[in-house]
Structure formats: C-alpha cells, structure tokens
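Source file: final15.csv (CSV, C-alpha atoms)
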```csv
chain,number,residue,atom,x,y,z
A,1,LEU,CA,74.4,22.3,49.7
A,2,PRO,CA,73.1,18.8,49.5
A,3,LEU,CA,69.3,18.3,49.3
A,4,ARG,CA,67.5,15.3,50.9
A,5,PHE,CA,64.8,14.3,48.3
A,6,GLY,CA,62.3,11.6,48.1
A,7,ILE,CA,61.1,8.9,50.5
A,8,MET,CA,64.3,6.9,50.3
A,9,GLY,CA,66.4,9.9,51.2
A,10,VAL,CA,68.5,10.1,48.0
A,11,LEU,CA,71.1,12.8,48.3
A,12,LEU,CA,71.3,15.1,45.2
A,13,ALA,CA,73.5,18.1,44.6
A,14,GLY,CA,74.1,20.8,42.1
A,15,PRO,CA,72.0,21.3,38.9
A,16,ILE,CA,70.2,18.0,39.4
A,17,ALA,CA,69.0,19.0,42.8
A,18,ASP,CA,67.8,22.4,41.5
A,19,PHE,CA,65.8,20.7,38.6
A,20,MET,CA,64.2,18.2,40.8
A,21,ALA,CA,63.2,20.9,43.3
A,22,PHE,CA,61.6,22.8,40.4
A,23,VAL,CA,59.6,19.8,39.2
A,24,LEU,CA,58.5,19.1,42.8
A,25,SER,CA,57.3,22.6,43.2
A,26,ILE,CA,55.1,22.3,40.2
A,27,LEU,CA,53.7,18.9,41.3
A,28,LEU,CA,52.9,20.2,44.7
A,29,VAL,CA,51.1,23.3,43.5
A,30,SER,CA,47.4,23.0,43.9
A,31,ASN,CA,45.4,24.5,41.0
A,32,GLU,CA,41.7,24.8,40.1
A,33,LEU,CA,39.7,25.7,37.0
A,34,ARG,CA,37.2,28.6,37.2
A,35,ARG,CA,34.5,29.7,34.8
A,36,GLN,CA,34.5,26.4,33.1
A,37,LYS,CA,31.5,25.8,30.9
A,38,LYS,CA,30.6,22.8,28.7
A,39,PRO,CA,29.4,23.7,25.1
A,40,THR,CA,26.0,22.7,24.0
A,41,CYS,CA,24.1,22.9,20.7
A,42,GLN,CA,22.7,26.3,21.8
A,43,ALA,CA,25.7,28.0,23.3
A,44,ALA,CA,29.5,28.0,23.1
A,45,GLY,CA,31.5,26.8,26.1
A,46,TYR,CA,34.7,27.8,27.9
A,47,SER,CA,37.7,25.7,28.9
A,48,GLY,CA,38.1,27.6,32.2
A,49,ASP,CA,40.8,29.8,33.7
A,50,LYS,CA,43.5,28.0,35.8
A,51,TRP,CA,44.0,29.5,39.3
A,52,CYS,CA,46.5,28.7,42.0
A,53,LYS,CA,44.7,27.7,45.2
A,54,ASP,CA,47.7,28.6,47.3
A,55,CYS,CA,48.5,32.1,46.1
A,56,LEU,CA,45.1,32.8,44.7
A,57,LYS,CA,46.4,34.1,41.4
A,58,GLN,CA,45.4,33.3,37.9
A,59,ILE,CA,48.0,31.1,36.2
A,60,GLU,CA,46.4,30.5,32.8
A,61,THR,CA,43.5,32.0,30.7
A,62,GLY,CA,41.1,29.6,29.2
A,63,SER,CA,39.7,29.5,25.6
A,64,ALA,CA,36.2,29.4,24.0
A,65,LEU,CA,34.8,26.1,23.0
A,66,ALA,CA,32.6,25.9,19.9
A,67,LYS,CA,29.0,24.8,20.0
A,68,THR,CA,28.3,21.1,19.6
A,69,ASN,CA,26.2,19.8,16.8
A,70,HIS,CA,22.4,19.3,17.3
A,71,ASN,CA,21.3,15.8,18.2
A,72,ILE,CA,18.8,15.4,15.4
A,73,GLN,CA,16.1,12.8,15.6
A,74,ILE,CA,13.4,12.0,13.0
A,75,PHE,CA,9.8,12.0,14.2
A,76,VAL,CA,7.2,10.5,11.8
A,77,THR,CA,3.4,11.1,12.0
A,78,LYS,CA,2.0,8.5,9.6
A,79,ALA,CA,-0.6,9.6,7.1
A,80,THR,CA,-3.9,7.7,6.7
A,81,ASP,CA,-6.8,7.9,4.2
A,82,SER,CA,-8.4,10.5,6.4
A,83,LYS,CA,-5.6,12.8,7.6
A,84,ASN,CA,-2.2,14.1,6.5
A,85,GLY,CA,1.1,13.0,8.2
A,86,GLY,CA,4.5,14.5,8.4
A,87,ILE,CA,8.2,14.0,8.9
A,88,GLN,CA,10.0,16.3,11.4
A,89,LYS,CA,13.7,16.5,12.0
A,90,LYS,CA,14.2,17.9,15.4
A,91,CYS,CA,17.0,18.2,18.0
A,92,LYS,CA,16.0,16.1,21.1
A,93,LEU,CA,18.1,18.4,23.4
A,94,CYS,CA,17.0,21.9,22.5
A,95,GLY,CA,13.9,21.4,20.4
A,96,PHE,CA,15.4,23.0,17.3
A,97,VAL,CA,13.4,22.0,14.2
A,98,GLN,CA,15.7,21.4,11.2
A,99,SER,CA,12.9,20.6,8.7
A,100,ASN,CA,9.2,19.7,8.3
A,101,THR,CA,8.0,17.5,5.4
A,102,ALA,CA,4.3,16.9,4.8
A,103,ILE,CA,3.0,13.5,4.0
A,104,ASN,CA,-0.2,13.8,2.0
A,105,ARG,CA,-3.1,11.6,3.0
A,106,ILE,CA,-4.2,8.5,0.9
A,107,LEU,CA,-6.7,9.6,-1.6
A,108,SER,CA,-7.6,6.5,-3.6
A,109,ALA,CA,-6.6,2.9,-4.2
A,110,SER,CA,-7.7,1.0,-7.3
A,111,VAL,CA,-7.2,-2.4,-9.0
A,112,SER,CA,-6.0,-2.6,-12.6
A,113,GLN,CA,-8.9,-4.9,-13.6
A,114,LYS,CA,-12.3,-5.2,-12.0
A,115,LYS,CA,-13.6,-8.2,-13.9
A,116,TYR,CA,-12.0,-11.5,-14.8
A,117,THR,CA,-13.3,-14.7,-16.4
A,118,TYR,CA,-12.9,-17.9,-14.4
A,119,ASP,CA,-10.1,-20.2,-15.7
A,120,GLY,CA,-9.1,-22.0,-12.5
A,121,LYS,CA,-6.1,-19.6,-11.9
A,122,LYS,CA,-5.7,-17.1,-9.1
A,123,LYS,CA,-6.2,-13.5,-10.1
A,124,GLN,CA,-4.0,-10.8,-8.7
A,125,PRO,CA,-4.7,-7.4,-10.3
A,126,ALA,CA,-2.1,-4.7,-9.9
A,127,ILE,CA,-2.8,-2.0,-7.3
A,128,THR,CA,-2.4,1.8,-7.7
A,129,VAL,CA,-2.5,4.1,-4.7
A,130,LEU,CA,-2.6,7.9,-5.1
A,131,ASP,CA,-2.2,10.6,-2.4
A,132,SER,CA,-4.3,13.7,-2.1
A,133,ALA,CA,-1.9,15.6,-4.4
A,134,GLY,CA,-2.6,13.0,-7.1
A,135,LYS,CA,0.9,11.5,-6.8
A,136,LYS,CA,1.5,7.7,-6.9
A,137,ILE,CA,2.4,6.3,-3.5
A,138,ASP,CA,5.4,3.9,-3.8
A,139,SER,CA,4.6,0.3,-3.2
A,140,LYS,CA,7.3,0.0,-0.5
A,141,ASN,CA,4.7,1.8,1.7
A,142,TYR,CA,2.2,-1.1,1.5
A,143,THR,CA,1.6,-4.8,1.1
A,144,VAL,CA,-1.2,-6.5,-0.9
A,145,SER,CA,-2.9,-9.8,-0.1
A,146,TYR,CA,-5.7,-11.4,-2.1
A,147,GLN,CA,-8.8,-13.3,-0.9
A,148,ASN,CA,-11.2,-15.6,-2.7
A,149,ASN,CA,-9.4,-14.8,-5.9
A,150,GLU,CA,-9.8,-18.1,-7.8
A,151,SER,CA,-13.4,-19.2,-8.1
A,152,VAL,CA,-16.4,-17.3,-9.4
A,153,GLY,CA,-17.6,-14.6,-7.1
A,154,THR,CA,-16.3,-11.4,-5.5
A,155,ALA,CA,-12.6,-11.4,-4.7
A,156,SER,CA,-10.7,-8.9,-2.6
A,157,ALA,CA,-7.4,-7.1,-2.6
A,158,VAL,CA,-6.4,-6.1,1.0
A,159,ILE,CA,-3.9,-3.2,1.0
A,160,THR,CA,-2.1,-2.9,4.3
A,161,PHE,CA,0.0,0.3,4.7
A,162,LYS,CA,3.4,0.6,6.4
A,163,GLY,CA,6.4,3.0,6.3
A,164,ASN,CA,5.0,6.6,6.2
A,165,TYR,CA,1.4,5.4,6.1
A,166,SER,CA,-0.9,3.4,8.4
A,167,GLY,CA,-4.3,1.7,8.0
A,168,ALA,CA,-5.8,-0.7,5.5
A,169,LEU,CA,-8.1,-0.5,2.4
A,170,VAL,CA,-10.0,-3.3,0.6
A,171,ARG,CA,-10.8,-3.2,-3.1
A,172,ASN,CA,-13.1,-5.8,-4.7
A,173,PHE,CA,-13.1,-7.3,-8.1
A,174,ASP,CA,-15.4,-10.0,-9.7
A,175,ILE,CA,-14.6,-13.3,-11.3
A,176,ILE,CA,-17.4,-14.3,-13.7
A,177,PRO,CA,-18.2,-17.8,-15.2
A,178,GLN,CA,-17.0,-18.8,-18.6
A,179,ALA,CA,-19.3,-17.9,-21.4
A,180,THR,CA,-21.0,-20.4,-23.8
A,181,ARG,CA,-22.0,-20.1,-27.5
A,182,ILE,CA,-25.1,-20.8,-29.5
A,183,THR,CA,-24.6,-23.8,-31.8
A,184,ASN,CA,-27.9,-23.8,-33.6
A,185,VAL,CA,-31.1,-21.8,-34.0
A,186,LYS,CA,-34.0,-23.5,-35.8
A,187,ALA,CA,-37.3,-22.0,-36.8
A,188,GLN,CA,-40.5,-23.7,-35.8
A,189,ASN,CA,-44.2,-23.1,-36.1
A,190,LYS,CA,-44.6,-19.8,-34.3
A,191,GLY,CA,-41.5,-20.5,-32.4
A,192,ILE,CA,-37.8,-21.3,-32.4
A,193,GLN,CA,-35.5,-23.9,-30.9
A,194,VAL,CA,-32.1,-22.8,-29.6
A,195,LYS,CA,-29.1,-25.1,-28.9
A,196,TRP,CA,-25.8,-24.2,-27.2
A,197,LYS,CA,-22.6,-25.6,-26.0
A,198,LYS,CA,-22.7,-27.1,-22.5
A,199,GLN,CA,-20.7,-25.2,-19.8
A,200,THR,CA,-20.7,-26.8,-16.4
A,201,SER,CA,-17.5,-25.5,-14.7
A,202,GLN,CA,-18.4,-22.9,-12.1
A,203,THR,CA,-21.8,-22.6,-13.8
A,204,LYS,CA,-25.3,-23.1,-12.3
A,205,GLY,CA,-27.4,-22.3,-15.4
A,206,TYR,CA,-28.1,-20.1,-18.4
A,207,GLN,CA,-30.0,-17.0,-19.4
A,208,LEU,CA,-31.3,-16.7,-22.9
A,209,GLN,CA,-32.6,-13.5,-24.5
A,210,TYR,CA,-34.6,-13.2,-27.7
A,211,SER,CA,-35.6,-10.0,-29.4
A,212,THR,CA,-36.9,-8.4,-32.6
A,213,SER,CA,-34.2,-5.8,-32.2
A,214,LYS,CA,-30.6,-6.5,-33.2
A,215,LYS,CA,-29.7,-4.2,-30.3
A,216,PHE,CA,-31.8,-6.1,-27.8
A,217,THR,CA,-33.6,-3.0,-26.6
A,218,LYS,CA,-35.6,-3.3,-23.4
A,219,LYS,CA,-39.1,-3.1,-24.9
A,220,THR,CA,-38.4,-5.7,-27.6
A,221,THR,CA,-36.4,-8.2,-25.5
A,222,LYS,CA,-37.5,-11.2,-23.3
A,223,THR,CA,-35.4,-13.4,-21.1
A,224,LYS,CA,-35.6,-17.1,-20.3
A,225,THR,CA,-33.7,-18.8,-17.5
A,226,VAL,CA,-32.4,-22.4,-17.7
A,227,LYS,CA,-31.7,-23.5,-14.2
A,228,LYS,CA,-29.6,-26.6,-15.0
A,229,SER,CA,-26.2,-26.3,-16.5
A,230,SER,CA,-26.6,-29.8,-18.0
A,231,ASN,CA,-29.4,-28.6,-20.3
A,232,THR,CA,-28.3,-27.5,-23.8
A,233,LYS,CA,-31.5,-26.6,-25.7
A,234,LEU,CA,-34.7,-24.6,-25.3
A,235,SER,CA,-37.8,-24.2,-27.4
A,236,ILE,CA,-39.6,-20.9,-27.3
A,237,GLY,CA,-43.2,-20.6,-28.6
A,238,LYS,CA,-45.9,-18.0,-29.2
A,239,LEU,CA,-43.7,-15.9,-31.4
A,240,LYS,CA,-44.9,-13.8,-34.4
A,241,ALA,CA,-44.9,-15.7,-37.6
A,242,GLY,CA,-42.7,-14.3,-40.3
A,243,LYS,CA,-40.8,-12.1,-37.8
A,244,LYS,CA,-37.0,-12.1,-37.5
A,245,TYR,CA,-35.7,-12.8,-34.0
A,246,TYR,CA,-32.2,-12.3,-32.6
A,247,VAL,CA,-31.0,-14.7,-29.9
A,248,ARG,CA,-28.1,-14.6,-27.5
A,249,ILE,CA,-27.1,-16.6,-24.3
A,250,ARG,CA,-24.9,-16.3,-21.2
A,251,THR,CA,-24.1,-18.5,-18.2
A,252,TYR,CA,-24.6,-17.6,-14.6
A,253,GLN,CA,-23.4,-18.8,-11.2
A,254,THR,CA,-24.8,-18.0,-7.7
A,255,VAL,CA,-22.4,-17.4,-4.8
A,256,ASN,CA,-23.8,-16.5,-1.3
A,257,GLY,CA,-27.0,-15.4,-2.8
A,258,ASN,CA,-25.3,-13.2,-5.4
A,259,LYS,CA,-25.6,-13.9,-9.1
A,260,TYR,CA,-22.6,-13.6,-11.4
A,261,ASP,CA,-23.2,-13.6,-15.2
A,262,SER,CA,-20.8,-14.3,-18.0
A,263,GLU,CA,-20.5,-12.1,-21.1
A,264,TRP,CA,-23.2,-12.5,-23.7
A,265,SER,CA,-22.5,-14.7,-26.6
A,266,ASN,CA,-22.6,-13.5,-30.2
A,267,SER,CA,-26.2,-13.3,-31.4
A,268,LYS,CA,-27.8,-15.5,-34.1
A,269,ASN,CA,-31.0,-14.7,-35.9
A,270,VAL,CA,-33.8,-16.7,-37.4
A,271,THR,CA,-37.2,-16.0,-39.0
A,272,VAL,CA,-40.2,-17.7,-37.4
A,273,LYS,CA,-42.2,-19.9,-39.8
A,274,ARG,CA,-45.7,-19.1,-40.9
A,275,LEU,CA,-48.6,-21.6,-40.6
```

So that I can check it, write out the structure of this file as structure tokens.
Amino acid sequence: LPLRFGIMGVLLAGPIADFMAFVLSILLVSNELRRQKKPTCQAAGYSGDKWCKDCLKQIETGSALAKTNHNIQIFVTKATDSKNGGIQKKCKLCGFVQSNTAINRILSASVSQKKYTYDGKKKQPAITVLDSAGKKIDSKNYTVSYQNNESVGTASAVITFKGNYSGALVRNFDIIPQATRITNVKAQNKGIQVKWKKQTSQTKGYQLQYSTSKKFTKKTTKTKTVKKSSNTKLSIGKLKAGKKYYVRIRTYQTVNGNKYDSEWSNSKNVTVKRL
C-alpha cells in the first residue's frame, strides 16, 4: 500500500517506504539518560543508561568513565632569614597533596672581601648566601646592589631576595685610603726626623708610630698624628740617647665622624745620637 510521507506528501511504496518508516520511528522515539555521572579526580563516572520515555524500557546500558587527573597547582611559601618556607603541589579541586618540599631559611650572607684599598674604582665583592642546612643558595634567588662603593668609607652590598625567598640583607665592607712609605729616618740629638711620601688622594693626614720594639708592643710604642696630608716630615724629640727606635707610618681619612686607616708601612730603624 502506498505511504504518504513527509511534509510535501511524497508517495513512496515497497522497500523504500518500509525503510523510511523504520528511520522515522527511530527519530521520533523519545529517549533519556539515567544514572549519568561525571567523573572527577576523586571518583569514576558513568555514561548513563538509555531509556525509552514512551515505553519506559531500558534500551542501552551505560559504561564506567575513568577518574580525571588531579588539577595540580603549586603553592610557594617563601623562606626568610627567620623562618622556613615550602613548596606544596596540591589539587585545587579535591585538596589532594602530591608533594611537600621544604625551603630552609636563610642562615648567612657574606662578602668575599671585607676591606679594599682606594684606587678610584667601584668595588663589588662577590656574595655567598647559605641556608640553614649549610647549602649555598643559588644567585637566581636574589639580586645584589652596591652603595658608596668607590670612595674611602663604609660601602654596602644590599641583597634583595626573590624566587623562593623574600626579604633583604645588608653586608658592609670598608674602603681604606692608600698607604704611604717612609723615605728617610735621620738620627738627631736625643731625637729623630722622619720623612715620608706625600699621599693626598682620599687622605686627611698621617699617623706615625715609633717604638723600641720591632714588634711595636703596646708598652713600648707611642703615636704621633699629623693632621695635614700636605706635610711630609716630623721631628720627634726627648728620646733615649744610644737607643734604637723603629718607625712606621700610615694614612687616615675621616668620613661622617668615622676614621679609616691605611695599612702600616714597612718599618725603618735608627739609633738616637748621644750628646
């Protein structure tokens, strides 16, 4: 028998009509999914069973769905010089902790050289930072800037931490004036005259020591201060005739009320004349 099919009223017959009727019956069936469950990182899911809403019968059985992967995020608590830090890898959905890694606190920071002699160039000593386990902290975790590091005085290295660490530390080092040297020591009547090379760059004056001991022991040593760097000689009297005296000299500079001394020169000796 002919079958009227479709909106336009197309007449179909035979096997074609039967096939189209079958397709139409499928399309017109109203189905629904039951027991459907999305998988999470904590539990497996289920695709759901297919049910016919017309006849209320189960058409198809669903299948299990595997758990999803954890959504891992990295949380960093930065270490300082007073407390430890840590790195935690944790799922932001379920709170599962994948790992905990400790970051030891900063134990110490030091400069490679604590004293320089002035030469008109900026000084930048290397920095070493250790953690509380005695391990060196990689320099990628901090930056270093230098202050007042050219002229005589106290210079600073400012260590600012980043990465797995936070905070800042300051380490100081000194720049001292250039030394001078004794050019001549001459014996005089119960005294001596000392001459030295003039040193005026970053220098305020000189300190001269004379002693009956080659080691300049405290009890046998006296100090004279020459307050002008332009002076290059000094006479010292009231010494013991016939006694040998050792003499040495150094420069000094004053910065913000603090005195900075050069290294001592090599000593020279002379015997005081008798009357």

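CA of Thr254 in chain A sits 11.0 Å away from CA of Lys227 in chain A.
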
Report summary line: The residue from A:Ala179, A:Cys91, A:Ile137, A:Val226 with the smallest atom-to-atom distance to Ile106 in chain A, counting all atoms listed in the file, is A:Ile137

Report task. May I ask for the distance between CA of Trp264 in chain A and CA of Lys215 in chain A, given in Å to one decimal place? Result ->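 Between CA of Trp264 in chain A and CA of Lys215 in chain A the gap is 12.4 Å.
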
**Report entry** Using all atoms listed in the file: which of A:Val158, A:Val247, A:Ala241, A:Ile175 has the shortest distance to Ser262 in chain A
**Finding:** A:Ile175

Query raised in the report: What would the list of residues within 10 Å of (18.8, 15.4, 23.0) (file frame) look like as a PyMOL selection string, if only C-alpha atoms are what count?
Result: chain A and resi 41+70-73+90-95

Residues just named, written with C-alpha atoms as a compact mmCIF listing (two decimals), keeping the file's coordinate frame:
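What follows is the written file again_35.txt:
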```
# COMPACT_ATOMS: atom_id res chain seq x y z
CA CYS A 41 24.10 22.90 20.70
CA HIS A 70 22.40 19.30 17.30
CA ASN A 71 21.30 15.80 18.20
CA ILE A 72 18.80 15.40 15.40
CA GLN A 73 16.10 12.80 15.60
CA LYS A 90 14.20 17.90 15.40
CA CYS A 91 17.00 18.20 18.00
CA LYS A 92 16.00 16.10 21.10
CA LEU A 93 18.10 18.40 23.40
CA CYS A 94 17.00 21.90 22.50
CA GLY A 95 13.90 21.40 20.40
```

Query - Who sits within 6 Å of Thr160 in chain A, only C-alpha atoms, same chain under 6 positions skipped, as an NGL selection string - result: :A and (142-143 or 168)

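Between CA of Lys37 in chain A and CA of Lys53 in chain A lies a distance of 19.6 Å.
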
Residues near Lys123 in chain A, anyone? I mean within 12 Å using all atoms listed in the file, not counting same-chain ones fewer than 3 positions away, as a CSV table (one decimal) with C-alpha atoms, in the coordinates of the input.
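Below is the file result.csv, written as the result:
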```csv
chain,number,residue,atom,x,y,z
A,111,VAL,CA,-7.2,-2.4,-9.0
A,112,SER,CA,-6.0,-2.6,-12.6
A,113,GLN,CA,-8.9,-4.9,-13.6
A,114,LYS,CA,-12.3,-5.2,-12.0
A,115,LYS,CA,-13.6,-8.2,-13.9
A,116,TYR,CA,-12.0,-11.5,-14.8
A,117,THR,CA,-13.3,-14.7,-16.4
A,118,TYR,CA,-12.9,-17.9,-14.4
A,119,ASP,CA,-10.1,-20.2,-15.7
A,120,GLY,CA,-9.1,-22.0,-12.5
A,126,ALA,CA,-2.1,-4.7,-9.9
A,145,SER,CA,-2.9,-9.8,-0.1
A,146,TYR,CA,-5.7,-11.4,-2.1
A,147,GLN,CA,-8.8,-13.3,-0.9
A,148,ASN,CA,-11.2,-15.6,-2.7
A,149,ASN,CA,-9.4,-14.8,-5.9
A,150,GLU,CA,-9.8,-18.1,-7.8
A,151,SER,CA,-13.4,-19.2,-8.1
A,152,VAL,CA,-16.4,-17.3,-9.4
A,153,GLY,CA,-17.6,-14.6,-7.1
A,154,THR,CA,-16.3,-11.4,-5.5
A,155,ALA,CA,-12.6,-11.4,-4.7
A,156,SER,CA,-10.7,-8.9,-2.6
A,157,ALA,CA,-7.4,-7.1,-2.6
A,172,ASN,CA,-13.1,-5.8,-4.7
A,173,PHE,CA,-13.1,-7.3,-8.1
A,174,ASP,CA,-15.4,-10.0,-9.7
A,175,ILE,CA,-14.6,-13.3,-11.3
A,176,ILE,CA,-17.4,-14.3,-13.7
```

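If only C-alpha atoms are the atoms counted, then among A:Thr180, A:Thr128, A:Ser211, A:Thr77 the closest residue to Asn100 in chain A is A:Thr77.
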
Requested in this report: Would you mind listing what lies within 6 Å of Thr271 in chain A as a VMD selection string, with all atoms listed in the file counted and same-chain residues fewer than 2 positions away left out?
Outcome: chain A and resid 242 to 244

Requested in this report: Give me the residues within 10 Å of Tyr165 in chain A as a list in words, counting only C-alpha atoms and dropping any in the same chain fewer than 3 places off.
Outcome: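 In the requested format, the answer is Val76, Thr77, Lys78, Ala79, Thr80, Asp81, Asn84, Gly85, Gly86, Ile103, Asn104, Arg105, Ile106, Ile137, Asn141, Tyr142, Thr160, Phe161, Lys162 and Ala168 of chain A.
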
Query raised in the report: At a cut-off of 10 Å from (-10.2, 7.3, -2.2) in the coordinates of the file, what residues are picked up using all atoms listed in the file, written as number ranges by chain?
Result: A: 81-82, 105-110, 129-132, 169

Starting from the sparse input, extend range 198-208 of chain A to all heavy atoms and give the output as a PDB file, keeping the file's coordinate frame.
```pdb
ATOM      1  N   LYS A 198     -22.570 -26.880 -23.910  1.00  0.00           N
ATOM      2  CA  LYS A 198     -22.700 -27.100 -22.500  1.00  0.00           C
ATOM      3  C   LYS A 198     -21.495 -26.472 -21.735  1.00  0.00           C
ATOM      4  O   LYS A 198     -20.344 -26.631 -22.164  1.00  0.00           O
ATOM      5  CB  LYS A 198     -22.826 -28.552 -22.132  1.00  0.00           C
ATOM      6  CG  LYS A 198     -23.022 -28.831 -20.644  1.00  0.00           C
ATOM      7  CD  LYS A 198     -23.505 -30.243 -20.386  1.00  0.00           C
ATOM      8  CE  LYS A 198     -22.494 -31.285 -20.789  1.00  0.00           C
ATOM      9  NZ  LYS A 198     -22.921 -32.656 -20.412  1.00  0.00           N
ATOM     10  N   GLN A 199     -21.787 -25.785 -20.656  1.00  0.00           N
ATOM     11  CA  GLN A 199     -20.700 -25.200 -19.800  1.00  0.00           C
ATOM     12  C   GLN A 199     -21.089 -25.475 -18.361  1.00  0.00           C
ATOM     13  O   GLN A 199     -22.028 -24.897 -17.815  1.00  0.00           O
ATOM     14  CB  GLN A 199     -20.653 -23.662 -20.063  1.00  0.00           C
ATOM     15  CG  GLN A 199     -19.717 -22.923 -19.138  1.00  0.00           C
ATOM     16  CD  GLN A 199     -18.292 -23.403 -19.266  1.00  0.00           C
ATOM     17  OE1 GLN A 199     -17.751 -23.518 -20.369  1.00  0.00           O
ATOM     18  NE2 GLN A 199     -17.683 -23.729 -18.141  1.00  0.00           N
ATOM     19  N   THR A 200     -20.359 -26.369 -17.722  1.00  0.00           N
ATOM     20  CA  THR A 200     -20.700 -26.800 -16.400  1.00  0.00           C
ATOM     21  C   THR A 200     -19.722 -26.312 -15.300  1.00  0.00           C
ATOM     22  O   THR A 200     -20.048 -26.296 -14.118  1.00  0.00           O
ATOM     23  CB  THR A 200     -20.805 -28.324 -16.282  1.00  0.00           C
ATOM     24  OG1 THR A 200     -19.549 -28.903 -16.694  1.00  0.00           O
ATOM     25  CG2 THR A 200     -21.920 -28.849 -17.183  1.00  0.00           C
ATOM     26  N   SER A 201     -18.513 -25.937 -15.705  1.00  0.00           N
ATOM     27  CA  SER A 201     -17.500 -25.500 -14.700  1.00  0.00           C
ATOM     28  C   SER A 201     -17.870 -24.175 -14.110  1.00  0.00           C
ATOM     29  O   SER A 201     -18.016 -23.172 -14.826  1.00  0.00           O
ATOM     30  CB  SER A 201     -16.131 -25.451 -15.394  1.00  0.00           C
ATOM     31  OG  SER A 201     -15.157 -25.029 -14.477  1.00  0.00           O
ATOM     32  N   GLN A 202     -18.059 -24.152 -12.777  1.00  0.00           N
ATOM     33  CA  GLN A 202     -18.400 -22.900 -12.100  1.00  0.00           C
ATOM     34  C   GLN A 202     -19.642 -22.253 -12.673  1.00  0.00           C
ATOM     35  O   GLN A 202     -19.734 -21.031 -12.750  1.00  0.00           O
ATOM     36  CB  GLN A 202     -17.221 -21.944 -12.068  1.00  0.00           C
ATOM     37  CG  GLN A 202     -16.023 -22.405 -11.274  1.00  0.00           C
ATOM     38  CD  GLN A 202     -16.172 -22.189  -9.781  1.00  0.00           C
ATOM     39  OE1 GLN A 202     -16.358 -21.077  -9.315  1.00  0.00           O
ATOM     40  NE2 GLN A 202     -16.090 -23.275  -9.023  1.00  0.00           N
ATOM     41  N   THR A 203     -20.582 -23.072 -13.131  1.00  0.00           N
ATOM     42  CA  THR A 203     -21.800 -22.600 -13.800  1.00  0.00           C
ATOM     43  C   THR A 203     -23.018 -23.265 -13.202  1.00  0.00           C
ATOM     44  O   THR A 203     -23.043 -24.495 -13.087  1.00  0.00           O
ATOM     45  CB  THR A 203     -21.740 -22.810 -15.306  1.00  0.00           C
ATOM     46  OG1 THR A 203     -20.617 -22.110 -15.851  1.00  0.00           O
ATOM     47  CG2 THR A 203     -23.010 -22.313 -15.981  1.00  0.00           C
ATOM     48  N   LYS A 204     -24.034 -22.491 -12.861  1.00  0.00           N
ATOM     49  CA  LYS A 204     -25.300 -23.100 -12.300  1.00  0.00           C
ATOM     50  C   LYS A 204     -26.325 -23.229 -13.433  1.00  0.00           C
ATOM     51  O   LYS A 204     -27.106 -24.183 -13.443  1.00  0.00           O
ATOM     52  CB  LYS A 204     -25.835 -22.177 -11.238  1.00  0.00           C
ATOM     53  CG  LYS A 204     -27.092 -22.731 -10.584  1.00  0.00           C
ATOM     54  CD  LYS A 204     -27.558 -21.870  -9.423  1.00  0.00           C
ATOM     55  CE  LYS A 204     -28.796 -22.487  -8.762  1.00  0.00           C
ATOM     56  NZ  LYS A 204     -29.258 -21.688  -7.609  1.00  0.00           N
ATOM     57  N   GLY A 205     -26.386 -22.277 -14.380  1.00  0.00           N
ATOM     58  CA  GLY A 205     -27.400 -22.300 -15.400  1.00  0.00           C
ATOM     59  C   GLY A 205     -27.139 -21.329 -16.517  1.00  0.00           C
ATOM     60  O   GLY A 205     -26.022 -20.817 -16.661  1.00  0.00           O
ATOM     61  N   TYR A 206     -28.205 -21.022 -17.286  1.00  0.00           N
ATOM     62  CA  TYR A 206     -28.100 -20.100 -18.400  1.00  0.00           C
ATOM     63  C   TYR A 206     -29.195 -19.113 -18.463  1.00  0.00           C
ATOM     64  O   TYR A 206     -30.291 -19.357 -17.940  1.00  0.00           O
ATOM     65  CB  TYR A 206     -28.109 -20.949 -19.743  1.00  0.00           C
ATOM     66  CG  TYR A 206     -27.161 -22.119 -19.785  1.00  0.00           C
ATOM     67  CD1 TYR A 206     -27.581 -23.380 -19.348  1.00  0.00           C
ATOM     68  CD2 TYR A 206     -25.866 -21.979 -20.255  1.00  0.00           C
ATOM     69  CE1 TYR A 206     -26.719 -24.465 -19.378  1.00  0.00           C
ATOM     70  CE2 TYR A 206     -25.001 -23.064 -20.288  1.00  0.00           C
ATOM     71  CZ  TYR A 206     -25.432 -24.298 -19.843  1.00  0.00           C
ATOM     72  OH  TYR A 206     -24.570 -25.368 -19.867  1.00  0.00           O
ATOM     73  N   GLN A 207     -28.925 -17.986 -19.085  1.00  0.00           N
ATOM     74  CA  GLN A 207     -30.000 -17.000 -19.400  1.00  0.00           C
ATOM     75  C   GLN A 207     -29.938 -16.798 -20.912  1.00  0.00           C
ATOM     76  O   GLN A 207     -28.882 -16.590 -21.515  1.00  0.00           O
ATOM     77  CB  GLN A 207     -29.660 -15.661 -18.720  1.00  0.00           C
ATOM     78  CG  GLN A 207     -30.246 -15.534 -17.329  1.00  0.00           C
ATOM     79  CD  GLN A 207     -30.153 -14.107 -16.817  1.00  0.00           C
ATOM     80  OE1 GLN A 207     -29.305 -13.332 -17.234  1.00  0.00           O
ATOM     81  NE2 GLN A 207     -31.047 -13.759 -15.911  1.00  0.00           N
ATOM     82  N   LEU A 208     -31.129 -16.869 -21.492  1.00  0.00           N
ATOM     83  CA  LEU A 208     -31.300 -16.700 -22.900  1.00  0.00           C
ATOM     84  C   LEU A 208     -32.176 -15.535 -23.218  1.00  0.00           C
ATOM     85  O   LEU A 208     -33.233 -15.404 -22.607  1.00  0.00           O
ATOM     86  CB  LEU A 208     -31.802 -17.998 -23.552  1.00  0.00           C
ATOM     87  CG  LEU A 208     -31.872 -18.066 -25.075  1.00  0.00           C
ATOM     88  CD1 LEU A 208     -31.559 -19.475 -25.554  1.00  0.00           C
ATOM     89  CD2 LEU A 208     -33.258 -17.655 -25.574  1.00  0.00           C
TER      90      LEU A 208
END
```
